[in-house]
>>> print(open('work_15.pdb').read())   # PDB, C-alpha atoms and all ligand atoms
ATOM      1  CA  MET C  19     114.043 157.024  31.867
ATOM      2  CA  SER C  20     113.303 153.279  31.508
ATOM      3  CA  ASN C  21     110.766 152.121  28.939
ATOM      4  CA  THR C  22     108.311 151.066  31.649
ATOM      5  CA  LYS C  23     108.466 154.455  33.347
ATOM      6  CA  GLU C  24     108.127 156.243  30.025
ATOM      7  CA  LEU C  25     105.141 154.138  29.018
ATOM      8  CA  ASP C  26     103.498 154.913  32.382
ATOM      9  CA  THR C  27     104.012 158.632  31.788
ATOM     10  CA  LEU C  28     102.599 158.278  28.268
ATOM     11  CA  LEU C  29      99.617 156.297  29.539
ATOM     12  CA  GLN C  30      98.773 159.089  31.948
ATOM     13  CA  SER C  31      99.588 162.117  29.818
ATOM     14  CA  LEU C  32      98.983 161.216  26.167
ATOM     15  CA  PRO C  33      95.180 161.739  26.279
ATOM     16  CA  SER C  34      95.562 165.283  27.627
ATOM     17  CA  TRP C  35      98.323 166.103  25.115
ATOM     18  CA  VAL C  36      95.950 164.977  22.357
ATOM     19  CA  GLU C  37      93.168 167.180  23.807
ATOM     20  CA  THR C  38      95.539 170.158  23.901
ATOM     21  CA  SER C  39      96.531 169.591  20.265
ATOM     22  CA  ILE C  40      93.050 169.061  18.761
ATOM     23  CA  PRO C  41      92.123 172.795  18.579
ATOM     24  CA  HIS C  42      95.104 173.337  16.250
ATOM     25  CA  ALA C  43      93.271 171.319  13.588
ATOM     26  CA  SER C  44      90.829 174.184  13.072
ATOM     27  CA  SER C  45      93.494 176.432  11.527
ATOM     28  CA  GLY C  46      94.371 173.820   8.896
ATOM     29  CA  LYS C  47      92.480 172.253   5.975
ATOM     30  CA  VAL C  48      91.776 168.681   4.932
ATOM     31  CA  ALA C  49      93.428 167.957   1.547
ATOM     32  CA  SER C  50      91.005 168.402  -1.339
ATOM     33  CA  TYR C  51      93.213 168.243  -4.459
ATOM     34  CA  ILE C  52      92.440 164.519  -4.365
ATOM     35  CA  PRO C  53      88.659 165.052  -3.981
ATOM     36  CA  GLU C  54      88.007 161.826  -2.095
ATOM     37  CA  LEU C  55      90.423 162.827   0.701
ATOM     38  CA  SER C  56      88.266 165.864   1.562
ATOM     39  CA  LYS C  57      85.737 163.556   3.269
ATOM     40  CA  ALA C  58      88.106 162.946   6.225
ATOM     41  CA  PRO C  59      87.075 164.406   9.605
ATOM     42  CA  GLN C  60      88.772 167.770  10.167
ATOM     43  CA  ASP C  61      89.122 167.445  13.958
ATOM     44  CA  ALA C  62      90.269 163.843  14.219
ATOM     45  CA  LEU C  63      93.562 163.301  16.022
ATOM     46  CA  GLY C  64      95.021 159.976  17.130
ATOM     47  CA  ILE C  65      98.374 158.516  18.091
ATOM     48  CA  THR C  66      99.936 155.131  18.863
ATOM     49  CA  ILE C  67     103.409 154.660  20.333
ATOM     50  CA  LEU C  68     104.868 151.133  20.232
ATOM     51  CA  ALA C  69     107.835 149.797  22.223
ATOM     52  CA  PRO C  70     110.104 146.879  21.219
ATOM     53  CA  ASP C  71     108.561 144.593  23.861
ATOM     54  CA  GLY C  72     105.168 144.974  22.152
ATOM     55  CA  GLN C  73     103.672 147.352  24.729
ATOM     56  CA  SER C  74     101.875 150.280  23.181
ATOM     57  CA  VAL C  75     100.061 153.415  24.283
ATOM     58  CA  SER C  76      97.332 154.978  22.131
ATOM     59  CA  ALA C  77      95.143 158.036  22.530
ATOM     60  CA  GLY C  78      92.496 159.942  20.617
ATOM     61  CA  ASP C  79      91.101 158.736  17.293
ATOM     62  CA  CYS C  80      93.692 156.021  16.828
ATOM     63  CA  SER C  81      91.118 153.635  15.330
ATOM     64  CA  GLN C  82      90.718 155.910  12.254
ATOM     65  CA  VAL C  83      91.517 154.137   9.003
ATOM     66  CA  PHE C  84      93.308 156.298   6.421
ATOM     67  CA  THR C  85      95.407 156.012   3.275
ATOM     68  CA  MET C  86      99.160 156.026   3.634
ATOM     69  CA  GLN C  87      99.783 158.504   0.789
ATOM     70  CA  SER C  88     103.390 159.693   0.845
ATOM     71  CA  ILE C  89     104.309 157.662   3.916
ATOM     72  CA  SER C  90     104.457 154.701   1.526
ATOM     73  CA  LYS C  91     107.402 156.423  -0.211
ATOM     74  CA  VAL C  92     109.752 155.500   2.636
ATOM     75  CA  PHE C  93     109.193 151.833   1.924
ATOM     76  CA  THR C  94     109.042 151.934  -1.876
ATOM     77  CA  LEU C  95     112.456 153.612  -1.645
ATOM     78  CA  ILE C  96     113.761 150.734   0.494
ATOM     79  CA  LEU C  97     112.241 148.158  -1.898
ATOM     80  CA  ALA C  98     113.750 149.928  -4.936
ATOM     81  CA  LEU C  99     117.132 149.902  -3.168
ATOM     82  CA  MET C 100     116.737 146.192  -2.408
ATOM     83  CA  ASP C 101     115.833 145.532  -6.066
ATOM     84  CA  ASN C 102     118.455 147.734  -7.742
ATOM     85  CA  GLY C 103     121.187 148.748  -5.273
ATOM     86  CA  GLU C 104     122.285 152.278  -4.366
ATOM     87  CA  ASP C 105     124.153 153.136  -7.578
ATOM     88  CA  GLU C 106     121.201 152.436  -9.858
ATOM     89  CA  VAL C 107     118.668 154.279  -7.672
ATOM     90  CA  PHE C 108     120.786 157.361  -7.076
ATOM     91  CA  LYS C 109     121.611 157.663 -10.783
ATOM     92  CA  ARG C 110     117.955 158.631 -11.198
ATOM     93  CA  VAL C 111     117.075 160.367  -7.897
ATOM     94  CA  GLY C 112     119.113 162.840  -5.875
ATOM     95  CA  MET C 113     119.733 163.203  -2.152
ATOM     96  CA  GLU C 114     118.905 166.846  -1.427
ATOM     97  CA  PRO C 115     115.914 168.722  -0.018
ATOM     98  CA  THR C 116     114.260 171.144  -2.449
ATOM     99  CA  GLY C 117     112.631 173.885  -0.376
ATOM    100  CA  ASP C 118     109.754 173.626  -2.886
ATOM    101  CA  ASN C 119     106.286 172.089  -2.626
ATOM    102  CA  PHE C 120     106.145 168.296  -2.830
ATOM    103  CA  ASN C 121     104.522 168.349  -6.278
ATOM    104  CA  SER C 122     106.741 171.039  -7.815
ATOM    105  CA  MET C 123     108.479 170.381 -11.155
ATOM    106  CA  LEU C 124     110.418 173.630 -11.083
ATOM    107  CA  LYS C 125     113.904 172.295 -10.408
ATOM    108  CA  LEU C 126     113.607 169.426 -12.883
ATOM    109  CA  GLU C 127     114.203 171.953 -15.620
ATOM    110  CA  LEU C 128     116.263 174.513 -13.721
ATOM    111  CA  VAL C 129     118.948 172.316 -12.181
ATOM    112  CA  ARG C 130     121.109 169.881 -14.138
ATOM    113  CA  PRO C 131     121.191 166.860 -14.536
ATOM    114  CA  GLY C 132     117.389 167.143 -14.316
ATOM    115  CA  ILE C 133     116.793 164.232 -11.963
ATOM    116  CA  PRO C 134     114.366 164.673  -9.022
ATOM    117  CA  PHE C 135     116.083 166.187  -5.993
ATOM    118  CA  ASN C 136     115.063 163.412  -3.604
ATOM    119  CA  PRO C 137     112.894 160.264  -3.410
ATOM    120  CA  PHE C 138     110.118 161.851  -1.293
ATOM    121  CA  ILE C 139     108.950 164.671  -3.568
ATOM    122  CA  ASN C 140     106.406 163.373  -6.079
ATOM    123  CA  ALA C 141     108.860 163.426  -9.000
ATOM    124  CA  GLY C 142     111.341 161.357  -6.992
ATOM    125  CA  ALA C 143     108.760 158.939  -5.636
ATOM    126  CA  ILE C 144     107.280 158.311  -9.095
ATOM    127  CA  THR C 145     110.793 157.604 -10.403
ATOM    128  CA  VAL C 146     111.445 155.261  -7.470
ATOM    129  CA  THR C 147     108.168 153.433  -8.167
ATOM    130  CA  SER C 148     109.315 152.892 -11.774
ATOM    131  CA  LEU C 149     112.341 151.004 -10.412
ATOM    132  CA  ILE C 150     110.374 148.353  -8.488
ATOM    133  CA  HIS C 151     110.905 144.923 -10.045
ATOM    134  CA  GLY C 152     108.104 142.647 -11.289
ATOM    135  CA  LYS C 153     107.016 141.085 -14.571
ATOM    136  CA  ASN C 154     103.957 143.331 -14.858
ATOM    137  CA  MET C 155     102.025 146.076 -13.079
ATOM    138  CA  GLU C 156     100.066 143.597 -10.937
ATOM    139  CA  GLU C 157     103.179 141.799  -9.736
ATOM    140  CA  LYS C 158     104.943 145.066  -8.902
ATOM    141  CA  SER C 159     101.956 146.304  -6.862
ATOM    142  CA  GLN C 160     101.670 142.933  -5.160
ATOM    143  CA  ARG C 161     105.367 143.005  -4.170
ATOM    144  CA  ILE C 162     104.838 146.441  -2.587
ATOM    145  CA  LEU C 163     101.716 145.241  -0.765
ATOM    146  CA  ASN C 164     103.569 142.111   0.420
ATOM    147  CA  LEU C 165     106.282 144.320   1.927
ATOM    148  CA  PHE C 166     103.622 146.230   3.868
ATOM    149  CA  HIS C 167     102.101 142.922   4.985
ATOM    150  CA  SER C 168     105.423 141.816   6.461
ATOM    151  CA  LEU C 169     106.024 145.225   8.097
ATOM    152  CA  THR C 170     102.578 145.476   9.687
ATOM    153  CA  GLY C 171     102.232 141.782  10.567
ATOM    154  CA  LYS C 172      98.920 141.757   8.676
ATOM    155  CA  ASP C 173      98.010 139.821   5.556
ATOM    156  CA  ASN C 174      94.876 141.718   4.602
ATOM    157  CA  LEU C 175      95.795 145.352   3.981
ATOM    158  CA  ALA C 176      93.382 146.883   1.473
ATOM    159  CA  TYR C 177      93.476 149.698  -1.060
ATOM    160  CA  ASP C 178      90.958 152.514  -0.728
ATOM    161  CA  ILE C 179      89.623 152.129  -4.262
ATOM    162  CA  ASP C 180      87.673 155.409  -4.070
ATOM    163  CA  VAL C 181      90.814 157.355  -3.145
ATOM    164  CA  PHE C 182      92.774 155.465  -5.821
ATOM    165  CA  ASN C 183      90.187 156.305  -8.506
ATOM    166  CA  SER C 184      89.904 159.885  -7.283
ATOM    167  CA  GLU C 185      93.654 160.355  -7.656
ATOM    168  CA  LEU C 186      93.682 158.575 -11.018
ATOM    169  CA  GLU C 187      91.054 161.056 -12.237
ATOM    170  CA  SER C 188      92.571 164.181 -10.687
ATOM    171  CA  GLY C 189      96.280 163.337 -10.998
ATOM    172  CA  ASP C 190      97.155 165.494 -13.996
ATOM    173  CA  LEU C 191     100.025 167.200 -12.230
ATOM    174  CA  ASN C 192     101.600 163.845 -11.356
ATOM    175  CA  ARG C 193     100.940 162.696 -14.931
ATOM    176  CA  SER C 194     102.749 165.736 -16.309
ATOM    177  CA  ILE C 195     105.677 165.173 -13.934
ATOM    178  CA  ALA C 196     105.890 161.542 -15.075
ATOM    179  CA  TYR C 197     105.804 162.441 -18.792
ATOM    180  CA  PHE C 198     108.438 165.127 -18.229
ATOM    181  CA  LEU C 199     110.674 162.563 -16.510
ATOM    182  CA  LYS C 200     110.076 160.059 -19.277
ATOM    183  CA  GLY C 201     110.872 162.666 -21.932
ATOM    184  CA  ASN C 202     114.215 163.235 -20.182
ATOM    185  CA  GLN C 203     114.920 159.473 -19.935
ATOM    186  CA  VAL C 204     114.837 159.590 -16.137
ATOM    187  CA  LEU C 205     111.705 157.469 -15.881
ATOM    188  CA  ILE C 206     111.852 154.294 -17.923
ATOM    189  CA  GLY C 207     108.654 152.403 -18.704
ATOM    190  CA  ASP C 208     105.010 153.104 -19.328
ATOM    191  CA  VAL C 209     103.765 156.264 -17.591
ATOM    192  CA  ASP C 210     100.217 154.992 -16.991
ATOM    193  CA  GLU C 211     101.535 151.750 -15.546
ATOM    194  CA  VAL C 212     103.994 153.523 -13.214
ATOM    195  CA  LEU C 213     101.281 155.937 -12.034
ATOM    196  CA  ASP C 214      98.837 153.104 -11.431
ATOM    197  CA  ILE C 215     101.399 151.437  -9.141
ATOM    198  CA  TYR C 216     102.228 154.792  -7.483
ATOM    199  CA  PHE C 217      98.584 155.807  -6.842
ATOM    200  CA  ARG C 218      97.894 152.286  -5.611
ATOM    201  CA  HIS C 219     100.608 152.269  -2.936
ATOM    202  CA  CYS C 220      99.502 155.760  -1.852
ATOM    203  CA  SER C 221      95.975 154.374  -1.334
ATOM    204  CA  ILE C 222      96.861 151.503   1.032
ATOM    205  CA  LEU C 223      94.684 151.732   4.154
ATOM    206  CA  VAL C 224      96.304 151.716   7.593
ATOM    207  CA  GLN C 225      95.761 152.754  11.207
ATOM    208  CA  CYS C 226      98.090 154.468  13.676
ATOM    209  CA  ALA C 227      99.140 151.083  15.102
ATOM    210  CA  ASP C 228     100.332 149.981  11.642
ATOM    211  CA  LEU C 229     102.442 153.120  11.237
ATOM    212  CA  ALA C 230     103.832 152.649  14.751
ATOM    213  CA  ARG C 231     104.872 149.087  13.922
ATOM    214  CA  MET C 232     106.546 150.156  10.682
ATOM    215  CA  GLY C 233     108.214 153.022  12.553
ATOM    216  CA  LEU C 234     109.499 150.642  15.218
ATOM    217  CA  ILE C 235     111.119 148.436  12.564
ATOM    218  CA  LEU C 236     112.862 151.513  11.161
ATOM    219  CA  ALA C 237     113.822 152.568  14.714
ATOM    220  CA  LEU C 238     115.527 149.177  15.109
ATOM    221  CA  ASP C 239     117.361 149.402  11.757
ATOM    222  CA  GLY C 240     115.179 146.837   9.988
ATOM    223  CA  GLU C 241     114.690 144.207  12.730
ATOM    224  CA  ASP C 242     111.155 143.318  13.757
ATOM    225  CA  PRO C 243     111.391 142.876  17.548
ATOM    226  CA  LEU C 244     107.938 141.318  17.676
ATOM    227  CA  THR C 245     108.937 138.347  15.497
ATOM    228  CA  GLY C 246     112.712 138.468  15.989
ATOM    229  CA  THR C 247     113.345 138.644  12.227
ATOM    230  CA  ARG C 248     115.268 141.063  10.037
ATOM    231  CA  LEU C 249     112.836 142.484   7.492
ATOM    232  CA  LEU C 250     114.923 145.236   5.900
ATOM    233  CA  PRO C 251     118.667 145.740   5.270
ATOM    234  CA  LYS C 252     120.218 148.060   7.870
ATOM    235  CA  ARG C 253     122.012 150.251   5.308
ATOM    236  CA  TYR C 254     118.794 150.949   3.372
ATOM    237  CA  VAL C 255     116.874 151.721   6.572
ATOM    238  CA  GLN C 256     119.593 154.199   7.526
ATOM    239  CA  ILE C 257     119.299 155.851   4.109
ATOM    240  CA  ALA C 258     115.505 156.045   4.487
ATOM    241  CA  LYS C 259     115.761 157.563   7.998
ATOM    242  CA  THR C 260     118.221 160.148   6.746
ATOM    243  CA  PHE C 261     115.776 161.184   4.019
ATOM    244  CA  MET C 262     112.977 161.269   6.619
ATOM    245  CA  THR C 263     115.079 163.748   8.604
ATOM    246  CA  THR C 264     116.034 165.968   5.663
ATOM    247  CA  CYS C 265     112.933 165.686   3.419
ATOM    248  CA  GLY C 266     110.231 163.718   5.281
ATOM    249  CA  MET C 267     108.042 166.690   6.205
ATOM    250  CA  TYR C 268     108.235 168.336   2.764
ATOM    251  CA  ASN C 269     109.579 171.884   2.863
ATOM    252  CA  ALA C 270     109.017 172.070   6.625
ATOM    253  CA  SER C 271     111.557 169.308   7.329
ATOM    254  CA  GLY C 272     114.169 171.613   8.844
ATOM    255  CA  GLU C 273     111.651 173.226  11.192
ATOM    256  CA  PHE C 274     110.293 169.816  12.197
ATOM    257  CA  ALA C 275     113.813 168.473  12.838
ATOM    258  CA  ILE C 276     114.474 171.410  15.166
ATOM    259  CA  ASP C 277     111.079 171.524  16.917
ATOM    260  CA  VAL C 278     110.381 167.784  17.204
ATOM    261  CA  GLY C 279     113.851 166.313  16.709
ATOM    262  CA  LEU C 280     112.752 162.927  15.337
ATOM    263  CA  PRO C 281     112.814 161.390  11.828
ATOM    264  CA  ALA C 282     109.311 161.426  10.310
ATOM    265  CA  LYS C 283     107.360 161.086   7.080
ATOM    266  CA  SER C 284     103.969 162.607   6.511
ATOM    267  CA  GLY C 285     101.238 162.071   3.943
ATOM    268  CA  VAL C 286      98.444 164.302   2.660
ATOM    269  CA  SER C 287      95.817 162.123   4.338
ATOM    270  CA  GLY C 288      97.191 163.578   7.597
ATOM    271  CA  GLY C 289      99.210 160.556   8.675
ATOM    272  CA  ILE C 290     102.682 160.885  10.164
ATOM    273  CA  LEU C 291     105.070 157.997  10.768
ATOM    274  CA  SER C 292     107.800 158.862  13.239
ATOM    275  CA  LEU C 293     110.215 157.050  15.505
ATOM    276  CA  VAL C 294     112.595 157.401  18.410
ATOM    277  CA  PRO C 295     115.833 155.741  17.249
ATOM    278  CA  GLY C 296     116.369 152.370  18.934
ATOM    279  CA  ARG C 297     113.280 152.792  21.119
ATOM    280  CA  TYR C 298     109.803 153.484  19.715
ATOM    281  CA  GLY C 299     107.679 153.555  16.590
ATOM    282  CA  ILE C 300     105.015 156.266  16.388
ATOM    283  CA  GLY C 301     101.897 156.559  14.210
ATOM    284  CA  VAL C 302      99.756 159.714  14.096
ATOM    285  CA  ILE C 303      96.614 160.693  12.183
ATOM    286  CA  GLY C 304      95.200 164.212  11.963
ATOM    287  CA  PRO C 305      93.647 164.994   8.542
ATOM    288  CA  SER C 306      93.681 168.786   8.815
ATOM    289  CA  LEU C 307      96.861 169.993   7.080
ATOM    290  CA  ASN C 308      98.977 173.129   7.423
ATOM    291  CA  ASP C 309     100.138 175.105   4.390
ATOM    292  CA  LYS C 310     103.125 172.776   3.919
ATOM    293  CA  GLY C 311     100.859 169.712   3.677
ATOM    294  CA  ASN C 312     101.626 168.275   7.129
ATOM    295  CA  SER C 313      99.037 167.416   9.782
ATOM    296  CA  GLN C 314      98.501 170.647  11.715
ATOM    297  CA  ALA C 315      97.450 169.066  15.012
ATOM    298  CA  GLY C 316      99.667 166.032  14.443
ATOM    299  CA  VAL C 317     102.831 168.121  14.260
ATOM    300  CA  HIS C 318     101.753 170.030  17.375
ATOM    301  CA  LEU C 319     101.147 166.740  19.207
ATOM    302  CA  LEU C 320     104.499 165.242  18.174
ATOM    303  CA  GLU C 321     106.299 168.374  19.311
ATOM    304  CA  MET C 322     104.572 168.189  22.674
ATOM    305  CA  VAL C 323     105.266 164.494  23.177
ATOM    306  CA  SER C 324     108.883 164.771  22.112
ATOM    307  CA  LYS C 325     109.576 167.801  24.341
ATOM    308  CA  GLN C 326     107.751 166.391  27.368
ATOM    309  CA  MET C 327     109.498 163.034  27.039
ATOM    310  CA  ASN C 328     112.835 164.673  26.264
ATOM    311  CA  TRP C 329     113.223 162.645  23.057
ATOM    312  CA  SER C 330     115.676 163.513  20.324
ATOM    313  CA  MET C 331     117.435 161.745  17.502
ATOM    314  CA  PHE C 332     120.722 163.391  18.496
TER     315      PHE C 332
HETATM  316  O1  LIG O 401     100.909 162.075  -5.343
HETATM  317  C1  LIG O 401     100.179 162.633  -4.538
HETATM  318  O2  LIG O 401      99.896 163.814  -4.648
HETATM  319  C2  LIG O 401      99.656 161.836  -3.353
HETATM  320  N1  LIG O 401      99.307 160.507  -3.715
HETATM  321  C3  LIG O 401     100.663 161.762  -2.261
HETATM  322  C4  LIG O 401     101.038 163.119  -1.806
HETATM  323  C5  LIG O 401     101.582 163.182  -0.448
HETATM  324  O3  LIG O 401     101.160 162.556   0.494
HETATM  325  C6  LIG O 401     102.632 164.200  -0.304
HETATM  326  N2  LIG O 401     103.850 163.828  -0.944
HETATM  327  N3  LIG O 401     104.967 164.070  -0.790
END
>>> encode(input="work_15.pdb", output="structure tokens", more="lines below")
Ligand code: DON
Amino acid sequence: MSNTKELDTLLQSLPSWVETSIPHASSGKVASYIPELSKAPQDALGITILAPDGQSVSAGDCSQVFTMQSISKVFTLILALMDNGEDEVFKRVGMEPTGDNFNSMLKLELVRPGIPFNPFINAGAITVTSLIHGKNMEEKSQRILNLFHSLTGKDNLAYDIDVFNSELESGDLNRSIAYFLKGNQVLIGDVDEVLDIYFRHCSILVQCADLARMGLILALDGEDPLTGTRLLPKRYVQIAKTFMTTCGMYNASGEFAIDVGLPAKSGVSGGILSLVPGRYGIGVIGPSLNDKGNSQAGVHLLEMVSKQMNWSMF
């Protein structure tokens, strides 16, 4: 189907697909382990799909503003690769899914050489954050924020300071992971500084349209079709998309790859960034999470859209 025809279909059908998916939110739960996140509306569901010519279709609560949480890990990985190269990064972080919860430390001790299994579990993402270059904490955070400015075409993205502080106060599990990694010489640097940068990039505020734009740039291997510029190296985007496919939906990544068939990365705020390779970027928000930590209604919606549109990464 041509883009124009597809966008027409989406324009007509997306609102009803959102309506059909909303009831699924009631069987999930808004994340509360970061207390500030629990204030998000349980039944919200929104989506934006963006095409390379700049046309987009949105439906539902797409104007919701939410923190990126783990979705940011896709881009800190790319920045760490740009700063250090593949050899340095993959000396400290592996390439395999875990089958465990995203904040598990289990395999760090069980499986040699004791490096995090992949860059999207918390242990891996904290290690990746420690590899971002900059002369101090402020400069490192600013470089991450600048990357998001170029990817979203905005110059005023903000941190949700309440979510940041909430995670700083309640982040003992992440703190213990970071100290464990430091004790094993996997994480180099000051734990508090690395966690400050990590919590900060998790707390960057976005909307579905921002995720869709970032997803579109990944879909096009790092080129921004809206400005005609290359923003990210193709090789590193391909690495990131591969991790999105194998580990992007935590320990439900295999099921998602089969049911939805698209690369994606979710966050505990209920956001999902997905893409149709070469064609579309997709941003979803639905704060109610399933037991794997993915948006309950959001996953349902993406499965519906992908099946109805006959989309697949293969
Ligand atoms: O570190 C945390 O727990 C959150 N800032 C991010 C968690 C999240 O979205 C799931 N991670 N894979």
>>> resolve_selection(input="work_15.pdb", expression="the PyMOL selection byres (((chain C and resi 325) around 12) and not hetatm)", output="ChimeraX atom specification")
/C:35,276-280,318-324,326-330
>>> residues_near_ligand(input="work_15.pdb", ligand="ligand LIG 401 (chain O)", cutoff="9 Å", atoms="all atoms listed in the file", output="VMD selection string")
chain C and resid 51 to 52 86 to 91 119 to 121 138 to 141 143 to 144 182 185 189 191 to 192 216 to 221 266 to 268 283 to 289 311 to 312
>>> closest_residue(input="work_15.pdb", among="C:Ile215, C:Val111, C:Ile162, C:Leu68", to="C:Leu229", atoms="only C-alpha atoms")
C:Leu68
>>> resolve_selection(input="work_15.pdb", expression="the PyMOL selection byres (((chain C and resi 259) around 12) and not hetatm)", output="number ranges by chain")
C: 91-93, 95-96, 138, 233-240, 252-258, 260-266, 280-283, 291-295, 331
>>> residues_around(input="work_15.pdb", residues="C:Gln160", least_positions_apart="4", cutoff="12 Å", atoms="only C-alpha atoms", output="list of chain:residue names")
C:Ile150, C:His151, C:Gly152, C:Lys153, C:Asn154, C:Met155, C:Glu156, C:Asn164, C:Leu165, C:Phe166, C:His167, C:Asp173, C:Asn174, C:Leu175, C:Ala176, C:Tyr177, C:Ile215, C:Arg218, C:His219, C:Ile222
>>> closest_residue(input="work_15.pdb", among="C:Val83, C:Thr94, C:Asp214, C:Tyr298", to="C:Asn21", atoms="all atoms listed in the file")
C:Tyr298
>>> closest_atom_pairs(input="work_15.pdb", of="stretch 176-238 of chain C", to="stretch 124-130 of chain C", cutoff="10 Å", atoms="all atoms listed in the file", output="Markdown table")
| residue | atom | partner | partner_atom | distance |
| --- | --- | --- | --- | --- |
| C:Ile195 | CA | C:Leu126 | CA | 9.1 |
| C:Phe198 | CA | C:Leu126 | CA | 8.6 |
| C:Leu199 | CA | C:Leu126 | CA | 8.3 |
| C:Asn202 | CA | C:Leu126 | CA | 9.6 |
>>> closest_residue(input="work_15.pdb", among="C:Lys172, C:Arg297, C:Leu149, C:Asp118", to="C:Glu24", atoms="all atoms listed in the file")
C:Arg297
>>> atom_distance(input="work_15.pdb", atom1="atom CA of C:Ile206", atom2="atom CA of C:Asn183")
23.7 Å
>>> axis_aligned_box(input="work_15.pdb", around="stretch 52-60 of chain C", padding_each_side="8 Å", output="AutoDock Vina command-line options")
--center_x 89.1 --center_y 164.8 --center_z 2.9 --size_x 22.7 --size_y 21.9 --size_z 30.5
>>> resolve_selection(input="work_15.pdb", expression="the PyMOL selection byres (((chain C and resi 59) around 9) and not hetatm)", output="list in words")
Val48, Ser56, Lys57, Ala58, Gln60, Asp61, Ala62, Gly304, Pro305 and Ser306 of chain C
>>> closest_residue(input="work_15.pdb", among="C:Leu169, C:Ala275, C:Leu28, C:Leu249", to="C:Val224", atoms="only C-alpha atoms")
C:Leu169
>>> closest_residue(input="work_15.pdb", among="C:Arg231, C:Arg110, C:Lys158, C:Lys310", to="C:Thr245", atoms="all atoms listed in the file")
C:Arg231
>>> closest_residue(input="work_15.pdb", among="C:Leu32, C:Leu205, C:Leu55, C:Ala43", to="C:Ser184", atoms="all atoms listed in the file")
C:Leu55
>>> decode(input="work_15.pdb", residues="stretch 151-164 of chain C", atoms="N, CA and C atoms", output="compact mmCIF listing (two decimals), in the first residue's frame")
# COMPACT_ATOMS: atom_id res chain seq x y z
N HIS C 151 30.79 10.72 27.35
CA HIS C 151 31.89 11.67 27.56
C HIS C 151 31.40 13.04 28.06
N GLY C 152 32.28 13.76 28.73
CA GLY C 152 31.97 15.11 29.22
C GLY C 152 32.89 15.41 30.38
N LYS C 153 33.20 16.72 30.59
CA LYS C 153 34.21 17.00 31.63
C LYS C 153 33.62 16.91 33.04
N ASN C 154 32.31 17.00 33.15
CA ASN C 154 31.66 16.81 34.46
C ASN C 154 30.23 16.34 34.23
N MET C 155 29.54 16.11 35.36
CA MET C 155 28.17 15.59 35.32
C MET C 155 27.25 16.50 34.48
N GLU C 156 27.39 17.80 34.67
CA GLU C 156 26.51 18.75 33.97
C GLU C 156 26.72 18.65 32.46
N GLU C 157 28.00 18.58 32.06
CA GLU C 157 28.27 18.54 30.62
C GLU C 157 27.77 17.22 30.01
N LYS C 158 27.92 16.14 30.76
CA LYS C 158 27.45 14.84 30.23
C LYS C 158 25.92 14.87 30.05
N SER C 159 25.21 15.38 31.07
CA SER C 159 23.75 15.46 30.95
C SER C 159 23.34 16.40 29.82
N GLN C 160 24.09 17.48 29.68
CA GLN C 160 23.75 18.44 28.61
C GLN C 160 23.96 17.82 27.23
N ARG C 161 25.02 16.99 27.08
CA ARG C 161 25.27 16.35 25.79
C ARG C 161 24.12 15.38 25.45
N ILE C 162 23.61 14.70 26.48
CA ILE C 162 22.48 13.78 26.24
C ILE C 162 21.25 14.60 25.84
N LEU C 163 20.99 15.67 26.58
CA LEU C 163 19.82 16.51 26.27
C LEU C 163 19.94 17.11 24.86
N ASN C 164 21.16 17.53 24.51
CA ASN C 164 21.37 18.10 23.16
C ASN C 164 21.04 17.08 22.07
